[in-house]
Every structure is written in structure tokens, then in C-alpha cells.
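Student: Following this line is run-v9.pdb, made up of PDB, C-alpha atoms:
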ATOM      1  CA  MET H  82       0.000   0.000   0.000
ATOM      2  CA  ASN H  83       1.259   3.430  -0.875
ATOM      3  CA  ALA H  84       1.930   6.040   1.740
ATOM      4  CA  PRO H  85      -0.901   8.591   1.821
ATOM      5  CA  THR H  86      -0.249  11.573  -0.399
ATOM      6  CA  HIS H  87      -0.284  15.151   0.796
ATOM      7  CA  MET H  88      -3.667  15.423  -0.871
ATOM      8  CA  GLU H  89      -5.061  12.594   1.234
ATOM      9  CA  THR H  90      -3.683  13.795   4.542
ATOM     10  CA  ALA H  91      -4.263  17.538   4.113
ATOM     11  CA  ARG H  92      -8.038  17.578   4.277
ATOM     12  CA  PRO H  93      -8.455  15.453   7.420
ATOM     13  CA  ALA H  94      -5.691  17.469   9.090
ATOM     14  CA  ALA H  95      -7.451  20.731   8.277
ATOM     15  CA  GLU H  96     -10.804  19.414   9.443
ATOM     16  CA  GLN H  97      -9.284  18.038  12.589
ATOM     17  CA  ALA H  98      -7.610  21.349  13.391
ATOM     18  CA  ALA H  99     -10.846  23.217  12.669
ATOM     19  CA  ARG H 100     -12.916  20.969  14.897
ATOM     20  CA  ALA H 101     -10.521  20.647  17.771
ATOM     21  CA  SER H 102      -9.149  24.166  17.950
ATOM     22  CA  TYR H 103     -11.735  26.606  16.614
ATOM     23  CA  GLY H 104     -12.400  28.415  19.874
ATOM     24  CA  LYS H 105      -8.790  28.287  20.904
ATOM     25  CA  LEU H 106      -7.658  29.921  17.678
ATOM     26  CA  VAL H 107     -10.479  32.489  17.644
ATOM     27  CA  ALA H 108      -9.566  33.383  21.218
ATOM     28  CA  ILE H 109      -5.947  34.015  20.290
ATOM     29  CA  LEU H 110      -6.762  36.003  17.169
ATOM     30  CA  ALA H 111      -9.553  37.997  18.797
ATOM     31  CA  SER H 112      -7.405  39.015  21.736
ATOM     32  CA  TRP H 113      -5.045  40.931  19.452
ATOM     33  CA  GLU H 114      -7.619  43.425  18.333
ATOM     34  CA  ASN H 115     -10.576  42.643  20.604
ATOM     35  CA  ASP H 116     -12.515  41.902  17.449
ATOM     36  CA  ILE H 117     -14.234  38.513  17.278
ATOM     37  CA  THR H 118     -15.778  39.130  13.857
ATOM     38  CA  ASN H 119     -12.457  39.882  12.197
ATOM     39  CA  ALA H 120     -10.818  36.967  13.995
ATOM     40  CA  GLU H 121     -13.467  34.527  12.791
ATOM     41  CA  GLU H 122     -13.274  35.821   9.244
ATOM     42  CA  ALA H 123      -9.510  35.585   9.147
ATOM     43  CA  LEU H 124      -9.616  32.071  10.590
ATOM     44  CA  SER H 125     -12.254  30.997   8.054
ATOM     45  CA  GLU H 126     -10.083  32.263   5.234
ATOM     46  CA  ALA H 127      -7.070  30.451   6.643
ATOM     47  CA  LEU H 128      -9.085  27.233   6.988
ATOM     48  CA  PHE H 129     -10.416  27.712   3.484
ATOM     49  CA  SER H 130      -6.938  28.107   2.032
ATOM     50  CA  SER H 131      -5.395  25.188   3.894
ATOM     51  CA  PRO H 132      -6.766  22.453   1.555
ATOM     52  CA  THR H 133      -5.126  24.346  -1.319
ATOM     53  CA  VAL H 134      -1.779  24.968   0.286
ATOM     54  CA  TRP H 135      -1.271  21.843   2.359
ATOM     55  CA  PRO H 136      -1.523  19.278  -0.472
ATOM     56  CA  GLU H 137       1.253  21.179  -2.248
ATOM     57  CA  ARG H 138       3.618  21.762   0.605
ATOM     58  CA  GLY H 139       2.584  19.001   2.955
ATOM     59  CA  VAL H 140       0.649  19.234   6.201
ATOM     60  CA  PRO H 141       2.524  21.549   8.565
ATOM     61  CA  SER H 142       3.925  19.915  11.670
ATOM     62  CA  ASN H 143       1.742  22.180  13.769
ATOM     63  CA  PRO H 144      -1.483  22.897  11.849
ATOM     64  CA  GLU H 145      -2.767  25.225  14.584
ATOM     65  CA  ALA H 146       0.314  27.415  14.377
ATOM     66  CA  TRP H 147       0.039  27.489  10.602
ATOM     67  CA  LEU H 148      -3.603  28.545  10.800
ATOM     68  CA  VAL H 149      -2.869  31.282  13.344
ATOM     69  CA  ALA H 150       0.014  32.577  11.238
ATOM     70  CA  ALA H 151      -2.108  32.549   8.070
ATOM     71  CA  ALA H 152      -5.036  34.221   9.823
ATOM     72  CA  ARG H 153      -2.737  36.766  11.395
ATOM     73  CA  ASN H 154      -1.382  37.681   7.969
ATOM     74  CA  ARG H 155      -4.932  38.185   6.764
ATOM     75  CA  LEU H 156      -5.778  40.373   9.724
ATOM     76  CA  LYS H 157      -2.643  42.344   9.045
ATOM     77  CA  ASN H 158      -3.507  42.806   5.383
ATOM     78  CA  ALA H 159      -7.016  43.860   6.273
ATOM     79  CA  THR H 160      -5.797  46.585   8.571
ATOM     80  CA  ARG H 161      -2.864  47.708   6.425
ATOM     81  CA  ASP H 162      -4.862  50.460   4.803
ATOM     82  CA  GLU H 163      -6.101  51.974   7.990
ATOM     83  CA  ASN H 164      -3.221  53.701   9.648
ATOM     84  CA  VAL H 165       0.503  53.159   9.487
ATOM     85  CA  ARG H 166       1.178  54.094  13.072
ATOM     86  CA  TRP H 167      -1.717  52.034  14.378
ATOM     87  CA  LEU H 168      -0.518  49.081  12.340
ATOM     88  CA  ALA H 169       2.993  49.392  13.717
ATOM     89  CA  GLU H 170       1.668  49.291  17.258
ATOM     90  CA  GLN H 171      -0.401  46.222  16.507
ATOM     91  CA  GLU H 172       2.538  44.536  14.843
ATOM     92  CA  ILE H 173       4.599  44.990  17.970
ATOM     93  CA  LEU H 174       1.764  43.527  20.022
ATOM     94  CA  HIS H 175       1.424  40.643  17.585
ATOM     95  CA  ARG H 176       5.089  39.839  17.881
ATOM     96  CA  LEU H 177       4.988  40.028  21.629
ATOM     97  CA  LYS H 178       2.014  37.695  21.792
ATOM     98  CA  MET H 179       2.685  35.464  18.794
ATOM     99  CA  PRO H 180       3.501  31.984  20.054
ATOM    100  CA  GLU H 181       6.492  30.279  18.473
ATOM    101  CA  GLU H 182       5.508  27.467  16.166
ATOM    102  CA  ASP H 183       6.914  24.760  18.366
ATOM    103  CA  GLN H 184       5.574  26.083  21.635
ATOM    104  CA  PRO H 185       2.196  25.192  23.064
ATOM    105  CA  PHE H 186      -0.466  27.830  22.512
ATOM    106  CA  PRO H 187      -1.494  30.078  25.360
ATOM    107  CA  GLU H 188      -4.969  29.218  26.557
ATOM    108  CA  ASP H 189      -7.132  32.174  25.674
ATOM    109  CA  ARG H 190     -10.483  30.440  25.558
ATOM    110  CA  LEU H 191     -11.282  31.325  29.140
ATOM    111  CA  ARG H 192     -10.789  35.003  28.361
ATOM    112  CA  LEU H 193     -13.041  34.695  25.341
ATOM    113  CA  MET H 194     -15.700  33.020  27.477
ATOM    114  CA  PHE H 195     -15.589  35.860  29.991
ATOM    115  CA  VAL H 196     -15.932  38.395  27.191
ATOM    116  CA  CYS H 197     -19.004  36.554  25.897
ATOM    117  CA  ALA H 198     -20.476  36.361  29.403
ATOM    118  CA  HIS H 199     -19.704  39.980  30.296
ATOM    119  CA  PRO H 200     -22.364  41.764  32.396
ATOM    120  CA  ALA H 201     -22.743  44.334  29.615
ATOM    121  CA  ILE H 202     -23.784  41.609  27.165
ATOM    122  CA  ASP H 203     -27.474  40.780  27.032
ATOM    123  CA  PRO H 204     -27.833  37.641  29.189
ATOM    124  CA  ALA H 205     -29.856  35.985  26.435
ATOM    125  CA  MET H 206     -26.936  36.342  24.039
ATOM    126  CA  ARG H 207     -24.206  34.978  26.311
ATOM    127  CA  THR H 208     -24.825  31.299  25.651
ATOM    128  CA  PRO H 209     -25.225  31.641  21.856
ATOM    129  CA  LEU H 210     -22.039  33.744  21.751
ATOM    130  CA  ILE H 211     -20.052  31.150  23.657
ATOM    131  CA  LEU H 212     -21.429  28.333  21.509
ATOM    132  CA  LYS H 213     -20.447  30.221  18.372
ATOM    133  CA  THR H 214     -17.077  31.697  19.277
ATOM    134  CA  VAL H 215     -15.620  29.251  21.774
ATOM    135  CA  LEU H 216     -17.029  26.018  20.398
ATOM    136  CA  GLY H 217     -17.422  27.050  16.760
ATOM    137  CA  ILE H 218     -20.948  25.742  16.525
ATOM    138  CA  ASP H 219     -22.782  26.807  13.411
ATOM    139  CA  ALA H 220     -25.304  29.659  13.824
ATOM    140  CA  THR H 221     -27.957  27.499  12.172
ATOM    141  CA  ARG H 222     -27.623  24.821  14.821
ATOM    142  CA  ILE H 223     -27.607  27.398  17.609
ATOM    143  CA  ALA H 224     -30.749  28.950  16.108
ATOM    144  CA  ALA H 225     -32.488  25.564  16.178
ATOM    145  CA  ALA H 226     -31.653  25.128  19.858
ATOM    146  CA  PHE H 227     -32.990  28.603  20.688
ATOM    147  CA  LEU H 228     -36.075  28.217  18.506
ATOM    148  CA  VAL H 229     -35.357  31.186  16.258
ATOM    149  CA  LYS H 230     -34.731  31.490  12.534
ATOM    150  CA  PRO H 231     -31.101  30.962  11.469
ATOM    151  CA  ALA H 232     -30.985  34.419   9.881
ATOM    152  CA  THR H 233     -32.215  35.963  13.139
ATOM    153  CA  MET H 234     -29.608  34.174  15.226
ATOM    154  CA  LEU H 235     -26.896  35.120  12.735
ATOM    155  CA  GLN H 236     -27.936  38.759  12.984
ATOM    156  CA  TRP H 237     -27.971  38.651  16.803
ATOM    157  CA  LEU H 238     -24.500  37.125  16.825
ATOM    158  CA  VAL H 239     -23.134  39.718  14.426
ATOM    159  CA  ARG H 240     -24.631  42.507  16.531
ATOM    160  CA  ALA H 241     -23.266  41.080  19.758
ATOM    161  CA  LYS H 242     -19.777  40.767  18.296
ATOM    162  CA  THR H 243     -19.912  44.323  16.947
ATOM    163  CA  ARG H 244     -21.000  45.459  20.384
ATOM    164  CA  ILE H 245     -18.083  43.698  22.070
ATOM    165  CA  ARG H 246     -15.694  45.524  19.775
ATOM    166  CA  ASP H 247     -17.355  48.951  19.891
ATOM    167  CA  ALA H 248     -18.261  49.047  23.561
ATOM    168  CA  GLY H 249     -14.646  48.198  24.380
ATOM    169  CA  ILE H 250     -15.166  45.136  26.535
ATOM    170  CA  ARG H 251     -11.884  44.064  28.064
ATOM    171  CA  PHE H 252     -10.427  40.759  26.875
ATOM    172  CA  SER H 253      -9.377  39.427  30.215
ATOM    173  CA  VAL H 254     -10.378  37.146  33.003
ATOM    174  CA  PRO H 255     -11.849  39.467  35.645
ATOM    175  CA  ASN H 256      -9.931  39.552  38.881
ATOM    176  CA  PRO H 257     -11.857  38.844  42.078
ATOM    177  CA  ALA H 258     -11.647  42.488  43.170
ATOM    178  CA  PHE H 259     -13.481  43.407  39.990
ATOM    179  CA  GLY H 260     -16.164  40.885  40.860
ATOM    180  CA  GLN H 261     -18.934  43.460  40.965
ATOM    181  CA  GLY H 262     -21.491  43.132  38.255
ATOM    182  CA  TRP H 263     -20.570  39.512  37.576
ATOM    183  CA  HIS H 264     -22.980  37.991  40.071
ATOM    184  CA  SER H 265     -26.004  38.043  37.777
TER
ATOM    185  CA  MET I 278     -15.357  74.714  23.735
ATOM    186  CA  LYS I 279     -15.892  71.063  23.307
ATOM    187  CA  GLY I 280     -17.861  68.569  21.265
ATOM    188  CA  ASP I 281     -17.652  64.855  20.640
ATOM    189  CA  GLY I 282     -19.504  62.408  18.448
ATOM    190  CA  LEU I 283     -20.630  59.231  20.195
ATOM    191  CA  LEU I 284     -20.655  55.687  18.938
ATOM    192  CA  GLY I 285     -24.129  54.320  18.287
ATOM    193  CA  PRO I 286     -26.547  53.033  20.940
ATOM    194  CA  HIS I 287     -25.405  49.474  20.165
ATOM    195  CA  ALA I 288     -22.198  50.295  22.049
ATOM    196  CA  ALA I 289     -24.031  51.762  25.041
ATOM    197  CA  THR I 290     -24.110  50.183  28.488
ATOM    198  CA  THR I 291     -26.395  51.373  31.262
ATOM    199  CA  LEU I 292     -25.282  51.010  34.852
ATOM    200  CA  ARG I 293     -27.438  51.152  37.960
ATOM    201  CA  ILE I 294     -26.875  50.485  41.625
ATOM    202  CA  ARG I 295     -29.867  49.239  43.558
ATOM    203  CA  GLY I 296     -29.652  47.850  47.047
ATOM    204  CA  GLY I 297     -25.874  47.979  46.844
ATOM    205  CA  LYS I 298     -25.889  45.710  43.828
ATOM    206  CA  ARG I 299     -24.473  46.885  40.558
ATOM    207  CA  THR I 300     -26.177  45.920  37.334
ATOM    208  CA  ALA I 301     -24.921  46.656  33.854
ATOM    209  CA  GLU I 302     -27.368  46.444  31.007
ATOM    210  CA  ASP I 303     -26.903  46.138  27.291
ATOM    211  CA  GLY I 304     -28.112  49.298  25.574
ATOM    212  CA  PRO I 305     -28.997  52.931  26.331
ATOM    213  CA  PHE I 306     -31.501  53.838  29.022
ATOM    214  CA  VAL I 307     -35.008  53.472  27.706
ATOM    215  CA  ASP I 308     -37.200  54.509  30.600
ATOM    216  CA  ALA I 309     -39.319  57.400  29.368
ATOM    217  CA  GLU I 310     -39.017  59.026  32.798
ATOM    218  CA  GLU I 311     -35.256  59.353  32.469
ATOM    219  CA  ARG I 312     -33.630  62.429  31.015
ATOM    220  CA  LEU I 313     -30.048  63.259  30.255
ATOM    221  CA  GLY I 314     -28.793  65.145  33.281
ATOM    222  CA  GLY I 315     -25.182  65.761  32.430
ATOM    223  CA  TYR I 316     -22.072  64.103  31.127
ATOM    224  CA  PHE I 317     -18.455  63.400  31.883
ATOM    225  CA  VAL I 318     -15.751  62.623  29.352
ATOM    226  CA  ILE I 319     -13.145  60.228  30.724
ATOM    227  CA  GLU I 320     -10.251  58.448  29.125
ATOM    228  CA  VAL I 321      -9.979  54.787  30.099
ATOM    229  CA  PRO I 322      -8.659  51.683  28.343
ATOM    230  CA  ASP I 323     -11.903  49.740  28.175
ATOM    231  CA  LEU I 324     -15.554  49.446  29.128
ATOM    232  CA  ASP I 325     -14.786  47.720  32.404
ATOM    233  CA  ALA I 326     -12.725  50.665  33.609
ATOM    234  CA  ALA I 327     -15.441  53.067  32.413
ATOM    235  CA  LEU I 328     -18.076  51.152  34.392
ATOM    236  CA  ASP I 329     -15.949  51.409  37.531
ATOM    237  CA  TRP I 330     -16.052  55.193  37.124
ATOM    238  CA  ALA I 331     -19.747  55.223  36.265
ATOM    239  CA  GLU I 332     -20.371  53.420  39.527
ATOM    240  CA  LYS I 333     -18.910  56.346  41.472
ATOM    241  CA  SER I 334     -21.528  58.729  40.117
ATOM    242  CA  PRO I 335     -24.245  59.494  42.716
ATOM    243  CA  SER I 336     -26.899  59.242  40.013
ATOM    244  CA  ALA I 337     -26.135  55.536  39.672
ATOM    245  CA  LEU I 338     -27.889  55.088  43.022
ATOM    246  CA  THR I 339     -31.195  56.677  42.088
ATOM    247  CA  ALA I 340     -31.206  56.960  38.304
ATOM    248  CA  SER I 341     -28.736  55.408  35.879
ATOM    249  CA  VAL I 342     -25.459  56.127  34.163
ATOM    250  CA  GLU I 343     -25.171  55.434  30.471
ATOM    251  CA  VAL I 344     -21.679  54.666  29.224
ATOM    252  CA  ARG I 345     -21.027  55.450  25.566
ATOM    253  CA  PRO I 346     -17.712  55.394  23.698
ATOM    254  CA  VAL I 347     -16.687  58.616  22.001
ATOM    255  CA  LEU I 348     -16.218  58.196  18.249
ATOM    256  CA  PRO I 349     -12.601  57.350  17.516
ATOM    257  CA  PRO I 350     -10.585  59.957  15.622
ATOM    258  CA  THR I 351     -10.822  59.708  11.854
ATOM    259  CA  PRO I 352      -7.954  57.655  10.478
ATOM    260  CA  ALA I 353      -5.192  59.427   8.590
ATOM    261  CA  PRO I 354      -5.794  59.750   4.837
ATOM    262  CA  LYS I 355      -4.735  56.725   2.800
ATOM    263  CA  GLN I 356      -1.357  56.982   1.167
TER
END
Please, can you express the file's structure as C-alpha cells?
Tutor:
Amino acid sequence: MNAPTHMETARPAAEQAARASYGKLVAILASWENDITNAEEALSEALFSSPTVWPERGVPSNPEAWLVAAARNRLKNATRDENVRWLAEQEILHRLKMPEEDQPFPEDRLRLMFVCAHPAIDPAMRTPLILKTVLGIDATRIAAAFLVKPATMLQWLVRAKTRIRDAGIRFSVPNPAFGQGWHS
Amino acid sequence: MKGDGLLGPHAATTLRIRGGKRTAEDGPFVDAEERLGGYFVIEVPDLDAALDWAEKSPSALTASVEVRPVLPPTPAPKQ
């Protein structure tokens, strides 16, 4: 039997990485710019491109790191137009936070969960947000569980993510002294 | 003199303190009985820090404090 080709191993590897690490990768990408929408878009594009790139070059030894690097490049390209100085600041932050390829990823999912469950987020949206961003569950499936139309749920999720970015919710695990407002 | 644009109501958070308990709510205040009574402009890194300041306002105890981000400065022209 022949050894599996790049073509045969690339797709399962991409799917595996997508399934196992979605929230983890979104958490890392979102924490750079506090923007879940951009992070998810960049990650989708990276996931979308992996079946094209991986069969040619082989599955990277650390698919998660590859996906984060690819998504980061997309985020960078997307913001390039905006402001040179702003970009430079972000780049420094990226480099400070960017995990080396062979090192384990920092665990940012907890932070992302706290952002989604922030007191300033409508309590009804906290669970759908966590399902979508941390677990990567499709908006259609979330909609079914909450008995609303998929388009409605999608719109709620988009609004909630825009709100997180615009209202300036802090991407951090609240410290106990901050505990106020979290008891609801 | 001074003027600032505000980000839309989607970015608003309304804070109240009742019975010593702080509640933050998604959105601007909607109670028809409430009127804008004044404003403060503060510079803080994020919403959480802004809410800590909002909590110090006496009106949080009887009325509410709406927290709204000021519109960010327009980006520099594209090169």
C-alpha cells in the first residue's frame, strides 16, 4: 500500500484542526484586536486556504500554528490600509504575543468566554455567543436550539460581536476584586 | 469649547446600583421618565474601567449612568 499523499492527509488534518481548535484559535486572534468578527473571518479564510496549500507543501507539523500565522497575515492585510502608526503598534503587540511554532499555545479560551459572558452583554446572548465563538458551533444549529430562525440568530450574533468591539469590553479574566457586576 | 460624536446606541451600556448591587445592562436607558442630566468625558482603556467610574456617580444610586464610547478619531488619509 502506498503512503498517503499530501492530498489525502491535508483535508483530514485541516478538518481536525478546525474541529478541535476553533475556539482556541479564535480566542488568540480575537485578543489581538478585541474583534471577534475579524478573527473569525480571518480564521475561516485560513481554513479555506489550507486544503489548497497543504496538499502542495505538505501538512505543517503544527497545523494550529500554521492557521494562526495565516489568519494573522490576513488580519494584518485587512488593517494595512487603515493607519501606518496604528498598524505598527499592533505589529509589535502581535510579535509580543505570537507563540512560536513549536511552543504550546497560550490558553485564551477562558478570556473569550468571559468576554461573551460579560455583564454588559445581554444575558440571552451569552450562551449563543459562547457556543459560536468558543465552540465554533454553526449559527444554524444554535438557532435551532434557541427556537429562532437561522438568519435571526446570525444577525444577533453579528450585533453582539460588533457590540463587544465597539463598547470596548476588556479581553481578560476578571480579577476577584473586579467581581462586581458579575454575580447576575 | 468642546464637542464629541458618540458611537451608536449598540455600544451603550447602562449602569445602575440598587440595594448595593451593581447591574450593567446592554443598551442605552429606555425609561421614558429618564432624562439626560449631564455628562463626563473620561479616558480609560476599556468598558470595564469606564463602568468602575460610572459606579462612582451618585446618580447611579437613584437613576442610571449610560456609558457610551466617544467616536474614535478619523484615520489618517490613505497613502
Student: Just give me the gap between atom CA of H:Ala108 and atom CA of H:Phe252 in Å, one decimal is fine.
Tutor: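 Value for the atom CA of H:Ala108-atom CA of H:Phe252 distance: 9.3 Å.
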Student: The PyMOL selection byres ((chain H) within 6 of (chain I)) - which residues does that actually catch in the file I just gave you? List them as a list in words.
Tutor: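 Taken on the displayed file, the PyMOL selection byres ((chain H) within 6 of (chain I)) yields the residues Pro200, Ala201, Ile202, Asp203, Arg244, Asp247, Ala248, Gly249, Ile250, Arg251 and Gly262 of chain H.
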Student: Distance atom CA of H:Phe195-atom CA of H:Glu121, one decimal place?
Tutor: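 Those two atoms sit 17.4 Å apart.
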Student: How many Å lie between atom CA of H:Arg190 and atom CA of H:Ile109, rounded to one decimal?
Tutor: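 Rounded to one decimal, the two atoms are 7.8 Å apart.
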Student: At a cut-off of 6 Å from (-17.4, 59.6, 35.2) in the coordinates of the file, what residues are picked up using only C-alpha atoms, written as a PyMOL selection string?
Tutor: chain I and resi 317+330-331
Student: Restricting the calculation to all atoms listed in the file, which member of H:Leu156, H:Ala91, H:Met194, H:Met206 is positioned closest to H:His175?
Tutor: H:Leu156
Student: Restricting the calculation to all atoms listed in the file, which member of I:Val342, I:Leu313, I:Val307, I:Val318 is positioned closest to I:Lys279?
Tutor: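 Going through I:Val342, I:Leu313, I:Val307, I:Val318 one by one, the smallest distance to I:Lys279 is for I:Val318.
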Student: Quick one: which residues end up in the PyMOL selection byres ((chain H and resi 122-134) around 9) for this structure, as an MDAnalysis selection string?
Tutor: chainID H and resid 88 91:92 95:96 98:99 103 106:107 110 117:121 135:140 147:156
Student: Could the residues in this selection be written to a file with C-alpha atoms, as an mmCIF file, in the coordinates of the input?
Tutor:
data_model
loop_
_atom_site.group_PDB
_atom_site.id
_atom_site.type_symbol
_atom_site.label_atom_id
_atom_site.label_comp_id
_atom_site.auth_asym_id
_atom_site.auth_seq_id
_atom_site.Cartn_x
_atom_site.Cartn_y
_atom_site.Cartn_z
ATOM 1 C CA MET H 88 -3.667 15.423 -0.871
ATOM 2 C CA ALA H 91 -4.263 17.538 4.113
ATOM 3 C CA ARG H 92 -8.038 17.578 4.277
ATOM 4 C CA ALA H 95 -7.451 20.731 8.277
ATOM 5 C CA GLU H 96 -10.804 19.414 9.443
ATOM 6 C CA ALA H 98 -7.610 21.349 13.391
ATOM 7 C CA ALA H 99 -10.846 23.217 12.669
ATOM 8 C CA TYR H 103 -11.735 26.606 16.614
ATOM 9 C CA LEU H 106 -7.658 29.921 17.678
ATOM 10 C CA VAL H 107 -10.479 32.489 17.644
ATOM 11 C CA LEU H 110 -6.762 36.003 17.169
ATOM 12 C CA ILE H 117 -14.234 38.513 17.278
ATOM 13 C CA THR H 118 -15.778 39.130 13.857
ATOM 14 C CA ASN H 119 -12.457 39.882 12.197
ATOM 15 C CA ALA H 120 -10.818 36.967 13.995
ATOM 16 C CA GLU H 121 -13.467 34.527 12.791
ATOM 17 C CA TRP H 135 -1.271 21.843 2.359
ATOM 18 C CA PRO H 136 -1.523 19.278 -0.472
ATOM 19 C CA GLU H 137 1.253 21.179 -2.248
ATOM 20 C CA ARG H 138 3.618 21.762 0.605
ATOM 21 C CA GLY H 139 2.584 19.001 2.955
ATOM 22 C CA VAL H 140 0.649 19.234 6.201
ATOM 23 C CA TRP H 147 0.039 27.489 10.602
ATOM 24 C CA LEU H 148 -3.603 28.545 10.800
ATOM 25 C CA VAL H 149 -2.869 31.282 13.344
ATOM 26 C CA ALA H 150 0.014 32.577 11.238
ATOM 27 C CA ALA H 151 -2.108 32.549 8.070
ATOM 28 C CA ALA H 152 -5.036 34.221 9.823
ATOM 29 C CA ARG H 153 -2.737 36.766 11.395
ATOM 30 C CA ASN H 154 -1.382 37.681 7.969
ATOM 31 C CA ARG H 155 -4.932 38.185 6.764
ATOM 32 C CA LEU H 156 -5.778 40.373 9.724
#
